[in-house]
$ cat target.txt   # compact mmCIF, C-alpha atoms
# COMPACT_ATOMS: atom_id res chain seq x y z
CA MET A 141 56.97 -43.05 -61.02
CA TYR A 142 58.74 -45.26 -58.49
CA PHE A 143 56.95 -45.88 -55.22
CA SER A 144 60.21 -45.39 -53.30
CA LYS A 145 60.52 -41.85 -54.70
CA SER A 146 56.86 -40.88 -54.29
CA PHE A 147 55.57 -38.84 -51.38
CA ILE A 148 53.03 -41.38 -50.09
CA PRO A 149 53.61 -41.75 -46.33
CA ILE A 150 51.54 -44.84 -45.50
CA LEU A 151 50.76 -45.63 -41.87
CA LYS A 152 50.55 -49.24 -40.68
CA ASN A 153 47.26 -48.73 -38.81
CA ASN A 154 44.33 -46.34 -38.82
CA PRO A 155 44.98 -43.14 -36.84
CA THR A 156 43.16 -43.18 -33.51
CA GLU A 157 41.81 -39.62 -33.95
CA ALA A 158 39.85 -40.59 -37.09
CA THR A 159 36.37 -42.10 -36.64
CA ILE A 160 34.95 -42.36 -40.18
CA LYS A 161 36.28 -44.23 -43.21
CA SER A 162 37.30 -41.24 -45.30
CA HIS A 163 39.23 -39.56 -42.50
CA GLN A 164 40.94 -42.82 -41.57
CA LEU A 165 41.99 -43.68 -45.12
CA MET A 166 43.09 -40.19 -46.11
CA LEU A 167 45.39 -39.94 -43.10
CA ARG A 168 46.60 -43.51 -43.37
CA VAL A 169 47.70 -43.33 -47.02
CA GLY A 170 48.99 -39.78 -46.74
CA MET A 171 46.40 -37.92 -48.80
CA ILE A 172 46.17 -35.06 -46.30
CA LYS A 173 47.89 -33.74 -43.20
CA GLN A 174 46.17 -31.60 -40.59
CA SER A 175 47.61 -28.12 -40.28
CA SER A 176 45.24 -26.90 -37.56
CA ALA A 177 41.68 -27.69 -36.48
CA GLY A 178 39.60 -28.20 -39.62
CA ILE A 179 42.40 -27.08 -41.96
CA TYR A 180 44.48 -29.53 -44.02
CA SER A 181 47.43 -29.66 -46.36
CA TRP A 182 46.68 -31.75 -49.44
CA LEU A 183 49.58 -34.09 -50.16
CA PRO A 184 50.35 -35.44 -53.66
CA LEU A 185 48.02 -38.47 -53.59
CA GLY A 186 45.02 -36.57 -52.25
CA PHE A 187 45.69 -33.52 -54.40
CA LYS A 188 45.84 -35.69 -57.51
CA VAL A 189 42.43 -37.23 -56.83
CA MET A 190 40.92 -33.84 -56.05
CA LYS A 191 42.24 -32.31 -59.28
CA LYS A 192 40.73 -35.16 -61.29
CA ILE A 193 37.37 -34.53 -59.64
CA GLU A 194 37.80 -30.82 -60.40
CA ARG A 195 38.38 -31.61 -64.08
CA ILE A 196 35.11 -33.55 -64.31
CA VAL A 197 33.20 -30.81 -62.50
CA ARG A 198 34.68 -28.21 -64.86
CA GLU A 199 33.88 -30.22 -67.99
CA GLU A 200 30.24 -30.60 -67.00
CA GLN A 201 29.93 -26.88 -66.20
CA ASP A 202 31.41 -26.01 -69.58
CA ARG A 203 29.04 -28.47 -71.24
CA ILE A 204 25.96 -26.43 -70.26
CA GLY A 205 27.54 -23.16 -71.39
CA ALA A 206 28.80 -21.83 -68.06
CA GLN A 207 31.87 -19.58 -68.24
CA GLU A 208 34.73 -19.90 -65.78
CA ILE A 209 36.13 -16.95 -63.83
CA LEU A 210 38.18 -16.71 -60.64
CA MET A 211 37.18 -14.58 -57.68
CA PRO A 212 39.42 -13.85 -54.66
CA THR A 213 39.12 -15.56 -51.30
CA ILE A 214 39.13 -12.19 -49.47
CA GLN A 215 36.07 -9.97 -49.91
CA SER A 216 35.06 -6.48 -48.81
CA SER A 217 32.46 -6.27 -46.07
CA GLU A 218 30.72 -3.41 -47.91
CA ILE A 219 29.00 -5.59 -50.52
CA TRP A 220 27.77 -7.92 -47.77
CA LYS A 221 26.32 -4.96 -45.93
CA GLU A 222 24.55 -3.95 -49.15
CA SER A 223 22.83 -7.33 -49.39
CA GLY A 224 21.98 -7.31 -45.69
CA ARG A 225 23.85 -10.54 -44.95
CA TYR A 226 26.91 -9.21 -43.15
CA GLU A 227 25.38 -9.38 -39.70
CA ASP A 228 22.90 -12.14 -40.50
CA TYR A 229 25.39 -14.74 -41.72
CA GLY A 230 26.59 -15.63 -38.24
CA GLU A 231 29.83 -16.64 -36.60
CA GLU A 232 30.84 -19.04 -39.40
CA MET A 233 32.04 -15.97 -41.31
CA LEU A 234 35.68 -15.11 -40.57
CA ARG A 235 35.74 -11.31 -40.19
CA ILE A 236 39.11 -9.55 -40.18
CA LYS A 237 40.56 -6.04 -40.63
CA ASP A 238 43.42 -4.94 -42.83
CA ARG A 239 46.15 -2.52 -41.67
CA GLN A 240 43.96 0.48 -42.60
CA GLY A 241 41.23 -0.85 -40.31
CA ARG A 242 38.90 -1.76 -43.18
CA GLU A 243 36.57 -4.69 -42.53
CA ILE A 244 37.19 -7.62 -44.83
CA LEU A 245 36.25 -11.28 -44.71
CA TYR A 246 37.35 -14.69 -45.94
CA GLY A 247 34.55 -15.61 -48.33
CA PRO A 248 32.23 -18.42 -47.21
CA THR A 249 30.30 -18.00 -50.48
CA ASN A 250 30.20 -15.53 -53.38
CA GLU A 251 26.67 -14.29 -54.11
CA GLU A 252 27.53 -10.68 -53.24
CA LEU A 253 30.83 -10.59 -55.09
CA ILE A 254 29.46 -12.10 -58.29
CA THR A 255 26.49 -9.69 -58.18
CA ASP A 256 28.91 -6.77 -57.86
CA ILE A 257 30.87 -8.07 -60.86
CA PHE A 258 27.69 -8.51 -62.91
CA ARG A 259 26.19 -5.07 -62.16
CA SER A 260 29.36 -3.27 -63.22
CA SER A 261 29.61 -5.17 -66.52
CA ILE A 262 26.19 -6.11 -67.94
CA LYS A 263 23.62 -3.41 -68.75
CA SER A 264 21.30 -4.89 -71.41
CA TYR A 265 18.94 -7.86 -71.29
CA LYS A 266 20.38 -8.88 -74.67
CA SER A 267 23.49 -10.13 -72.82
CA LEU A 268 21.40 -12.58 -70.79
CA PRO A 269 21.49 -15.31 -69.69
CA GLN A 270 24.85 -15.30 -67.99
CA LEU A 271 26.13 -18.48 -66.31
CA LEU A 272 29.39 -17.90 -64.43
CA TYR A 273 31.36 -20.23 -62.17
CA HIS A 274 34.65 -20.50 -60.37
CA ILE A 275 36.50 -23.14 -58.36
CA GLN A 276 38.09 -21.64 -55.28
CA TRP A 277 38.88 -22.15 -51.61
CA LYS A 278 36.20 -21.16 -49.10
CA PHE A 279 36.33 -20.73 -45.34
CA ARG A 280 33.56 -21.28 -42.81
CA ASP A 281 34.51 -21.16 -39.17
CA GLU A 282 32.84 -24.37 -38.04
CA LEU A 283 32.23 -24.50 -34.30
CA ARG A 284 33.26 -28.17 -34.13
CA PRO A 285 35.21 -29.21 -37.23
CA ARG A 286 35.29 -33.00 -37.43
CA PHE A 287 35.42 -36.02 -39.73
CA GLY A 288 38.46 -34.76 -41.61
CA ILE A 289 37.60 -32.96 -44.84
CA MET A 290 33.91 -33.84 -44.50
CA ARG A 291 33.26 -31.13 -41.91
CA CYS A 292 36.26 -28.84 -42.05
CA ARG A 293 36.76 -25.09 -42.05
CA GLU A 294 38.68 -24.57 -45.29
CA PHE A 295 37.42 -26.38 -48.37
CA TYR A 296 37.65 -26.34 -52.18
CA MET A 297 34.37 -25.60 -53.90
CA LYS A 298 32.83 -25.01 -57.31
CA ASP A 299 30.19 -22.33 -57.08
CA ALA A 300 28.22 -21.07 -60.08
CA TYR A 301 25.74 -18.23 -60.51
CA SER A 302 23.02 -17.57 -63.08
CA PHE A 303 21.55 -14.25 -64.20
CA ASP A 304 18.28 -14.10 -66.18
CA ILE A 305 15.64 -11.58 -67.21
CA ASN A 306 12.62 -13.34 -65.66
CA ASP A 307 11.52 -16.33 -63.59
CA ASP A 308 10.84 -18.54 -66.61
CA GLU A 309 14.34 -18.10 -68.03
CA ALA A 310 15.86 -18.40 -64.56
CA ILE A 311 14.19 -21.76 -63.94
CA TYR A 312 15.59 -22.92 -67.29
CA SER A 313 19.08 -22.01 -66.03
CA TYR A 314 18.33 -23.79 -62.74
CA ASN A 315 17.37 -26.93 -64.63
CA LYS A 316 20.56 -26.79 -66.68
CA PHE A 317 22.57 -27.02 -63.49
CA PHE A 318 20.24 -29.74 -62.20
CA LEU A 319 21.18 -31.84 -65.25
CA SER A 320 24.85 -30.88 -64.99
CA TYR A 321 24.99 -32.21 -61.44
CA LEU A 322 23.33 -35.49 -62.38
CA ARG A 323 25.94 -35.94 -65.12
CA THR A 324 28.81 -34.97 -62.84
CA PHE A 325 27.95 -37.46 -60.09
CA LYS A 326 27.29 -40.22 -62.60
CA ARG A 327 30.81 -39.76 -64.00
CA LEU A 328 32.06 -40.12 -60.44
CA ASP A 329 30.10 -43.38 -60.14
CA LEU A 330 27.91 -41.92 -57.38
CA SER A 331 24.13 -42.33 -57.07
CA ALA A 332 23.19 -38.83 -55.96
CA ILE A 333 19.53 -38.19 -55.18
CA PRO A 334 18.19 -34.66 -55.78
CA MET A 335 16.21 -33.81 -52.66
CA SER A 336 14.00 -30.88 -51.80
CA ALA A 337 15.91 -28.89 -49.20
CA ASP A 338 15.87 -25.74 -47.07
CA THR A 339 17.66 -22.76 -48.54
CA GLY A 340 19.38 -21.75 -45.28
CA PRO A 341 21.46 -18.53 -45.24
CA ILE A 342 21.62 -18.47 -49.06
CA GLY A 343 17.89 -17.70 -49.23
CA GLY A 344 15.26 -18.18 -51.91
CA ASN A 345 12.28 -20.48 -52.37
CA LEU A 346 13.59 -23.31 -54.55
CA SER A 347 16.45 -25.60 -53.62
CA HIS A 348 17.73 -29.15 -54.16
CA GLU A 349 20.44 -30.98 -52.29
CA PHE A 350 22.22 -33.82 -54.09
CA VAL A 351 22.78 -36.55 -51.51
CA ILE A 352 24.55 -39.92 -51.66
CA LEU A 353 23.62 -42.71 -49.27
CA ALA A 354 26.19 -43.34 -46.54
CA ASP A 355 25.99 -44.69 -43.01
CA THR A 356 28.38 -41.97 -41.86
CA GLY A 357 26.33 -39.15 -43.37
CA GLU A 358 25.26 -36.26 -41.15
CA SER A 359 21.96 -35.75 -42.98
CA LYS A 360 18.94 -37.93 -42.25
CA ILE A 361 17.02 -38.50 -45.48
CA TYR A 362 13.59 -39.83 -46.34
CA THR A 363 12.82 -40.94 -49.86
CA ASP A 364 10.86 -43.13 -52.22
CA LYS A 365 13.14 -45.90 -53.51
CA ARG A 366 11.68 -45.53 -57.00
CA ILE A 367 13.61 -42.30 -57.42
CA PHE A 368 16.71 -44.41 -58.14
CA GLU A 369 15.03 -45.68 -61.33
CA VAL A 370 14.69 -42.23 -62.94
CA GLN A 371 16.92 -41.96 -66.02
CA SER A 372 18.68 -38.78 -67.15
CA ASP A 373 20.85 -40.13 -69.98
CA LYS A 374 18.67 -38.79 -72.79
CA ALA A 375 18.11 -35.33 -71.36
CA ILE A 376 18.91 -32.41 -73.68
CA LEU A 377 19.29 -28.69 -73.08
CA ASN A 378 15.85 -27.40 -73.95
CA LYS A 379 13.23 -25.99 -71.59
CA GLU A 380 10.59 -28.66 -72.01
CA ASN A 381 12.95 -31.62 -71.74
CA LEU A 382 14.76 -30.28 -68.67
CA ASN A 383 11.52 -29.34 -66.96
CA ASP A 384 10.19 -32.86 -67.58
CA LEU A 385 13.40 -34.34 -66.18
CA ARG A 386 13.17 -32.39 -62.92
CA ASN A 387 9.48 -33.22 -62.61
CA LYS A 388 10.30 -36.95 -62.90
CA PHE A 389 12.53 -36.65 -59.85
CA ASP A 390 10.29 -34.25 -57.95
CA LYS A 391 7.24 -36.50 -58.19
CA TYR A 392 8.92 -38.88 -55.73
CA TYR A 393 9.14 -37.92 -52.08
CA ALA A 394 12.77 -37.10 -51.27
CA VAL A 395 13.68 -34.72 -48.45
CA THR A 396 16.32 -34.10 -45.82
CA ASP A 397 15.34 -34.11 -42.16
CA GLU A 398 14.83 -30.31 -42.13
CA LYS A 399 11.82 -30.67 -44.46
CA PHE A 400 10.60 -34.09 -43.29
CA ASN A 401 6.90 -34.47 -42.59
CA LYS A 402 5.91 -37.94 -41.39
CA LYS A 403 2.29 -37.55 -42.50
CA ASP A 404 3.33 -36.62 -46.03
CA PHE A 405 5.88 -39.43 -46.14
CA ASP A 406 3.32 -42.04 -45.08
CA GLU A 407 0.66 -40.71 -47.46
CA LYS A 408 2.83 -40.23 -50.54
CA VAL A 409 5.11 -43.28 -50.33
CA PRO A 410 3.79 -46.87 -50.26
CA GLU A 411 5.34 -48.75 -47.37
CA GLU A 412 7.40 -51.09 -49.57
CA PHE A 413 9.14 -48.09 -51.19
CA ARG A 414 9.93 -46.10 -48.05
CA LEU A 415 13.58 -45.50 -47.27
CA SER A 416 14.89 -43.59 -44.28
CA THR A 417 18.63 -43.56 -43.87
CA LYS A 418 21.65 -41.27 -43.71
CA GLY A 419 23.36 -39.44 -46.52
CA ILE A 420 26.15 -37.05 -47.46
CA GLU A 421 25.42 -33.81 -49.26
CA VAL A 422 27.69 -33.46 -52.31
CA GLY A 423 25.97 -30.59 -54.10
CA HIS A 424 23.36 -27.89 -53.48
CA ILE A 425 21.51 -25.64 -55.93
CA PHE A 426 19.33 -22.60 -55.15
CA TYR A 427 17.00 -20.25 -56.98
CA PHE A 428 16.46 -16.97 -55.13
CA GLY A 429 15.13 -14.51 -57.71
CA ASP A 430 16.06 -10.91 -56.89
CA LYS A 431 17.15 -11.52 -53.28
CA TYR A 432 20.61 -10.11 -54.08
CA SER A 433 20.06 -8.17 -57.28
CA LYS A 434 17.42 -5.86 -55.82
CA PRO A 435 19.28 -4.56 -52.72
CA MET A 436 22.51 -4.40 -54.74
CA ASN A 437 20.86 -2.71 -57.74
CA ALA A 438 21.91 -5.33 -60.28
CA SER A 439 19.58 -4.56 -63.16
CA VAL A 440 19.41 -4.46 -66.95
CA ASP A 441 17.54 -2.29 -69.39
CA TYR A 442 14.52 -4.15 -70.75
CA GLN A 443 12.15 -2.42 -73.17
CA GLY A 444 12.96 0.96 -71.65
CA LYS A 445 12.51 -0.19 -68.04
CA LYS A 446 14.91 -1.21 -65.31
CA GLU A 447 14.56 -4.91 -64.48
CA PHE A 448 16.33 -6.54 -61.57
CA VAL A 449 17.87 -9.79 -62.78
CA LYS A 450 16.77 -13.16 -61.41
CA MET A 451 19.57 -15.21 -59.88
CA GLY A 452 20.47 -18.69 -58.75
CA SER A 453 23.57 -20.26 -57.20
CA TYR A 454 24.95 -23.76 -57.54
CA GLY A 455 27.59 -25.37 -55.32
CA VAL A 456 29.62 -28.58 -55.44
CA GLY A 457 32.13 -29.43 -52.73
CA VAL A 458 35.11 -30.56 -54.83
CA SER A 459 37.31 -31.40 -51.86
CA ARG A 460 34.36 -32.92 -50.00
CA LEU A 461 33.72 -35.25 -52.93
CA VAL A 462 37.07 -36.95 -52.25
CA GLY A 463 35.80 -37.98 -48.83
CA ALA A 464 32.31 -38.78 -50.10
CA ILE A 465 33.66 -41.18 -52.73
CA ILE A 466 35.73 -42.93 -50.05
CA GLU A 467 32.67 -43.26 -47.81
CA ALA A 468 30.76 -44.82 -50.71
CA LYS A 469 33.53 -47.02 -52.15
CA TYR A 470 35.96 -48.06 -49.41
CA ASP A 471 35.73 -51.62 -48.12
CA ASN A 472 36.95 -51.06 -44.59
CA LYS A 473 36.90 -54.73 -43.63
CA ASN A 474 39.15 -55.90 -46.47
CA GLU A 475 41.06 -52.60 -46.74
CA ILE A 476 40.27 -52.14 -50.43
CA MET A 477 39.58 -48.70 -51.93
CA LYS A 478 37.69 -48.85 -55.24
CA TRP A 479 38.17 -45.42 -56.77
CA PRO A 480 36.10 -44.76 -59.88
CA ILE A 481 38.47 -45.14 -62.86
CA SER A 482 37.90 -41.47 -63.70
CA VAL A 483 39.56 -40.20 -60.50
CA ALA A 484 41.90 -42.98 -59.35
CA PRO A 485 45.31 -41.54 -58.36
CA PHE A 486 47.05 -43.89 -60.83
CA ASP A 487 45.58 -45.95 -63.66
CA CYS A 488 47.84 -48.92 -63.15
CA GLY A 489 50.36 -50.26 -60.65
CA ILE A 490 53.27 -52.49 -61.67
CA LEU A 491 54.44 -54.88 -58.95
CA PRO A 492 57.77 -56.56 -59.76
CA LEU A 493 59.47 -58.93 -57.33
CA ILE A 494 62.75 -57.18 -56.53
CA ASN A 495 66.06 -58.80 -55.69
CA LYS A 496 69.05 -56.67 -54.77
CA ASN A 497 71.34 -58.66 -57.04
CA ASP A 498 68.95 -59.07 -59.99
CA THR A 499 67.22 -56.13 -61.70
CA LYS A 500 65.55 -57.99 -64.58
CA ASN A 501 62.04 -57.75 -63.10
CA LEU A 502 62.46 -54.04 -62.42
CA ASP A 503 63.79 -53.57 -65.96
CA LYS A 504 60.67 -55.29 -67.31
CA ALA A 505 58.51 -53.04 -65.13
CA VAL A 506 60.17 -49.93 -66.59
CA LYS A 507 59.59 -51.14 -70.17
CA ILE A 508 55.93 -51.88 -69.43
CA SER A 509 55.57 -48.52 -67.72
CA ASN A 510 56.93 -46.73 -70.79
CA LEU A 511 54.45 -48.60 -73.00
CA LEU A 512 51.52 -47.71 -70.74
CA LYS A 513 52.60 -44.07 -70.63
CA LYS A 514 52.69 -43.94 -74.44
CA ASN A 515 49.05 -44.98 -74.31
CA GLY A 516 48.18 -42.08 -72.01
CA LEU A 517 48.09 -44.09 -68.77
CA ASP A 518 49.42 -43.00 -65.39
CA VAL A 519 51.64 -45.64 -63.77
CA LEU A 520 53.19 -46.34 -60.37
CA ILE A 521 56.00 -48.92 -60.08
CA ASP A 522 56.46 -50.58 -56.69
CA ASP A 523 60.25 -50.83 -56.57
CA THR A 524 60.37 -51.96 -52.92
CA GLU A 525 61.68 -55.39 -51.89
CA GLU A 526 58.37 -56.52 -50.36
CA ASN A 527 56.63 -59.74 -51.38
CA PHE A 528 53.61 -59.86 -53.70
CA SER A 529 51.14 -60.15 -50.84
CA SER A 530 52.40 -56.99 -49.16
CA LYS A 531 52.53 -55.06 -52.42
CA ILE A 532 49.00 -56.05 -53.43
CA LYS A 533 47.67 -55.11 -50.00
CA LYS A 534 49.37 -51.72 -50.25
CA PHE A 535 48.07 -50.98 -53.76
CA ASN A 536 44.56 -52.12 -52.77
CA LEU A 537 44.68 -49.62 -49.92
CA LEU A 538 45.79 -46.86 -52.31
CA GLY A 539 42.99 -47.83 -54.68
CA ILE A 540 45.04 -48.37 -57.84
CA PRO A 541 42.44 -50.08 -60.05
CA PHE A 542 44.69 -52.23 -62.26
CA GLN A 543 47.80 -54.14 -61.22
CA ILE A 544 50.44 -56.05 -63.18
CA MET A 545 52.57 -58.61 -61.32
CA ILE A 546 56.05 -59.46 -62.59
CA GLY A 547 57.55 -62.59 -61.03
CA ASN A 548 60.61 -64.68 -61.69
CA LYS A 549 58.66 -67.16 -63.82
CA ASN A 550 57.19 -64.66 -66.30
CA GLU A 551 57.79 -65.57 -69.93
CA GLY A 552 57.58 -63.30 -72.96
CA ASP A 553 54.89 -60.61 -72.80
CA ILE A 554 52.41 -62.62 -70.68
CA PHE A 555 51.88 -61.24 -67.20
CA GLU A 556 49.58 -61.76 -64.24
CA PHE A 557 46.99 -58.99 -64.40
CA ARG A 558 44.26 -58.11 -61.96
CA GLU A 559 41.54 -55.54 -61.59
CA ILE A 560 41.18 -54.55 -57.97
CA GLY A 561 38.81 -56.90 -56.14
CA ILE A 562 38.67 -59.33 -59.08
CA GLU A 563 40.57 -62.61 -59.57
CA SER A 564 43.76 -62.24 -61.60
CA LYS A 565 44.47 -63.73 -65.04
CA ASN A 566 47.52 -64.23 -67.25
CA ILE A 567 47.32 -62.22 -70.49
CA SER A 568 49.56 -60.31 -72.89
CA ILE A 569 50.66 -56.75 -72.25
CA ASN A 570 48.79 -55.57 -75.37
CA GLU A 571 45.56 -57.04 -74.02
CA ILE A 572 46.23 -55.33 -70.69
CA VAL A 573 46.60 -51.96 -72.41
CA GLU A 574 43.33 -52.39 -74.31
CA ILE A 575 41.42 -53.46 -71.17
CA ILE A 576 42.59 -50.43 -69.18
CA LYS A 577 41.94 -47.97 -72.03
CA LYS A 578 38.46 -49.39 -72.61
CA LYS A 579 37.55 -49.20 -68.91
CA LYS A 580 38.91 -45.66 -68.66
CA VAL A 581 36.57 -44.25 -71.34
$ encode --input "target.txt" --output "C-alpha cells"
Amino acid sequence: MYFSKSFIPILKNNPTEATIKSHQLMLRVGMIKQSSAGIYSWLPLGFKVMKKIERIVREEQDRIGAQEILMPTIQSSEIWKESGRYEDYGEEMLRIKDRQGREILYGPTNEELITDIFRSSIKSYKSLPQLLYHIQWKFRDELRPRFGIMRCREFYMKDAYSFDINDDEAIYSYNKFFLSYLRTFKRLDLSAIPMSADTGPIGGNLSHEFVILADTGESKIYTDKRIFEVQSDKAILNKENLNDLRNKFDKYYAVTDEKFNKKDFDEKVPEEFRLSTKGIEVGHIFYFGDKYSKPMNASVDYQGKKEFVKMGSYGVGVSRLVGAIIEAKYDNKNEIMKWPISVAPFDCGILPLINKNDTKNLDKAVKISNLLKKNGLDVLIDDTEENFSSKIKKFNLLGIPFQIMIGNKNEGDIFEFREIGIESKNISINEIVEIIKKKKV
C-alpha cells in the first residue's frame, strides 16, 4: 500500500482535548474519530490493530476448548427481570422501547442472554462442560466518558461463559480461562497481574482482574513484586496443574484499591517487595455459581435430579487493549510507538527518497514490497516527497516496527534497515526478510 493512498490522517501536534498517551496518539495518527461523547468510529489504522488483537484473543479462547457464538447487541428486558438485575444494574444500562412499546436494552453484558440460550438447548449433564464465547460491541452509559477508548460508552469486548455440573468442575473451567488470559496478554507483550477483585454488578464470590502497570491507570493497585516472577509457560490443561498455577499467583498479595487492607499488606508483604502504583484493567474473570442459573431455571438432569448449573463469566476488553498497549509502549518524549510485532498495523515500512523526475527509488520500493508480500508480510510504502528524517519520524509515530530506507546511493540488494528504536545497519534484502519473519513468530 502507498502512504499517499492510505486513510491515515496524521495531525502535526497532539489534540488539546486528549490528556493521556493513548487518546493523544490515537487521534493524532488517525486511528479513531469521535462520533459523540464516548463513542468512536474506528478508522483503518486503529481497526487493523484491533482486529489483530481480536485474532489473538480468539486463538487463545479456542485453545482451551471454548466455542464461538455471536449474540445480538439488543436484548429483551424480560430475561434481565428474571435474573433480578434489570432494576439493580443502574443507569449505565441504556433502556429503550421498540415501536410496540416493549422494553429492550443495549447489552452491557450477556450473562442473562447466554443463560437463556443454554437452558433452551442443553438438558443433560453429559453435555457439560460448555464453554461459550463471543466478541461483540457493548454499551454502558458512562456518566463521564473520558480518556478516549479507555473509558468510553461503546466498546468491543470478548465475553465468555462456562457451564458446569458442580463447583469442582466449575473451578476447573475458571482456571482454564485464568491460563488463557495469561497466554493472551503474554502474546501481546503485556505483563498482566491477576489480582483479587470485587465482583461488582456481575456478582459471585471469586474474581480476578488482570491489570497492567501504567501511570495513567484509573485503578490503584497494591502487590508483592515477586508475583512478576511466577511462570506460566509450562502450564497444561489438567485440574491439578491449573490449580497449582493459580495458587502460585494467589499466594502473593495483589489487590485493587477496592479490596486493599493496609494491615494485611504490611503483614503479608516484606517492605522491600511492596509495590503500590496505578494500573489498567485489561481483563476480568468471575465465578458466580448458580446466581443466574437458579432464578432463570437453567438446569440439567443429573442422576434423576434437577441440578442448577454452575456458571462463570470471563471478559477481555478488545478495543480497550489497543489503548492499554499504547499506554504501556508509547514513548511520548521521543514520539515512538513500539507496537508488539503481533499487532503492529504494518510489519514493515519502505521509505524511498522520491524525486518527481526520477522514479527508480520508488520502483525499487515496489519490487521489495512484492517480495515481502510473497513472504506473508504487510507493507506500507512512503511515496511522499519528504526527506528521510521526516519519513522516519512519521513511521516511528505510527509504530511500524521495521523500516527499509532506499536512497540514491543504494547498490544491488543492500539496503539500510532498522528496527524501530534500534540503530540501523546495511544488509541484503534476503537477510531483512529472514529477520522480520523470525521476529514475527
$ residues_around --input "target.txt" --residues "Lys161 (chain A)" --least-positions-apart "3" --cutoff "12 Å" --atoms "all atoms listed in the file" --output "JSON, numbers by chain"
{"A": [154, 155, 156, 157, 158, 164, 165, 166, 167, 168, 287, 288, 289, 290, 354, 355, 356, 357, 462, 463, 464, 465, 466, 467, 468, 469, 470, 471, 472, 473, 475, 476, 477]}
$ write_last_selection --input "target.txt" --atoms "C-alpha atoms" --output "JSON list (two decimals), keeping the file's coordinate frame"
[["chain", "number", "residue", "atom", "x", "y", "z"],
["A", 154, "ASN", "CA", 44.33, -46.34, -38.82],
["A", 155, "PRO", "CA", 44.98, -43.14, -36.84],
["A", 156, "THR", "CA", 43.16, -43.18, -33.51],
["A", 157, "GLU", "CA", 41.81, -39.62, -33.95],
["A", 158, "ALA", "CA", 39.85, -40.59, -37.09],
["A", 164, "GLN", "CA", 40.94, -42.82, -41.57],
["A", 165, "LEU", "CA", 41.99, -43.68, -45.12],
["A", 166, "MET", "CA", 43.09, -40.19, -46.11],
["A", 167, "LEU", "CA", 45.39, -39.94, -43.10],
["A", 168, "ARG", "CA", 46.60, -43.51, -43.37],
["A", 287, "PHE", "CA", 35.42, -36.02, -39.73],
["A", 288, "GLY", "CA", 38.46, -34.76, -41.61],
["A", 289, "ILE", "CA", 37.60, -32.96, -44.84],
["A", 290, "MET", "CA", 33.91, -33.84, -44.50],
["A", 354, "ALA", "CA", 26.19, -43.34, -46.54],
["A", 355, "ASP", "CA", 25.99, -44.69, -43.01],
["A", 356, "THR", "CA", 28.38, -41.97, -41.86],
["A", 357, "GLY", "CA", 26.33, -39.15, -43.37],
["A", 462, "VAL", "CA", 37.07, -36.95, -52.25],
["A", 463, "GLY", "CA", 35.80, -37.98, -48.83],
["A", 464, "ALA", "CA", 32.31, -38.78, -50.10],
["A", 465, "ILE", "CA", 33.66, -41.18, -52.73],
["A", 466, "ILE", "CA", 35.73, -42.93, -50.05],
["A", 467, "GLU", "CA", 32.67, -43.26, -47.81],
["A", 468, "ALA", "CA", 30.76, -44.82, -50.71],
["A", 469, "LYS", "CA", 33.53, -47.02, -52.15],
["A", 470, "TYR", "CA", 35.96, -48.06, -49.41],
["A", 471, "ASP", "CA", 35.73, -51.62, -48.12],
["A", 472, "ASN", "CA", 36.95, -51.06, -44.59],
["A", 473, "LYS", "CA", 36.90, -54.73, -43.63],
["A", 475, "GLU", "CA", 41.06, -52.60, -46.74],
["A", 476, "ILE", "CA", 40.27, -52.14, -50.43],
["A", 477, "MET", "CA", 39.58, -48.70, -51.93]]
$ residues_near_point --input "target.txt" --point "(14.1, -24.5, -68.9)" --cutoff "10 Å" --atoms "only C-alpha atoms" --output "ChimeraX atom specification"
/A:308-316,377-384,386
$ closest_residue --input "target.txt" --among "A:Cys292, A:Val458, A:Leu511, A:Ile569" --to "Tyr180 (chain A)" --atoms "only C-alpha atoms"
A:Cys292
$ closest_residue --input "target.txt" --among "A:Asp523, A:Asp373, A:Glu412, A:Asp256" --to "Lys500 (chain A)" --atoms "only C-alpha atoms"
A:Asp523
$ residues_near_point --input "target.txt" --point "(22.2, -31.2, -64.9)" --cutoff "10 Å" --atoms "all atoms listed in the file" --output "list of chain:residue names"
A:Glu200, A:Gln201, A:Arg203, A:Ile204, A:Ser313, A:Tyr314, A:Asn315, A:Lys316, A:Phe317, A:Phe318, A:Leu319, A:Ser320, A:Tyr321, A:Leu322, A:Arg323, A:Thr324, A:Phe325, A:Ser372, A:Ala375, A:Ile376, A:Leu377, A:Leu382, A:Leu385, A:Arg386
$ atom_distance --input "target.txt" --atom1 "CA of Glu447 (chain A)" --atom2 "CA of Thr255 (chain A)"
14.3 Å
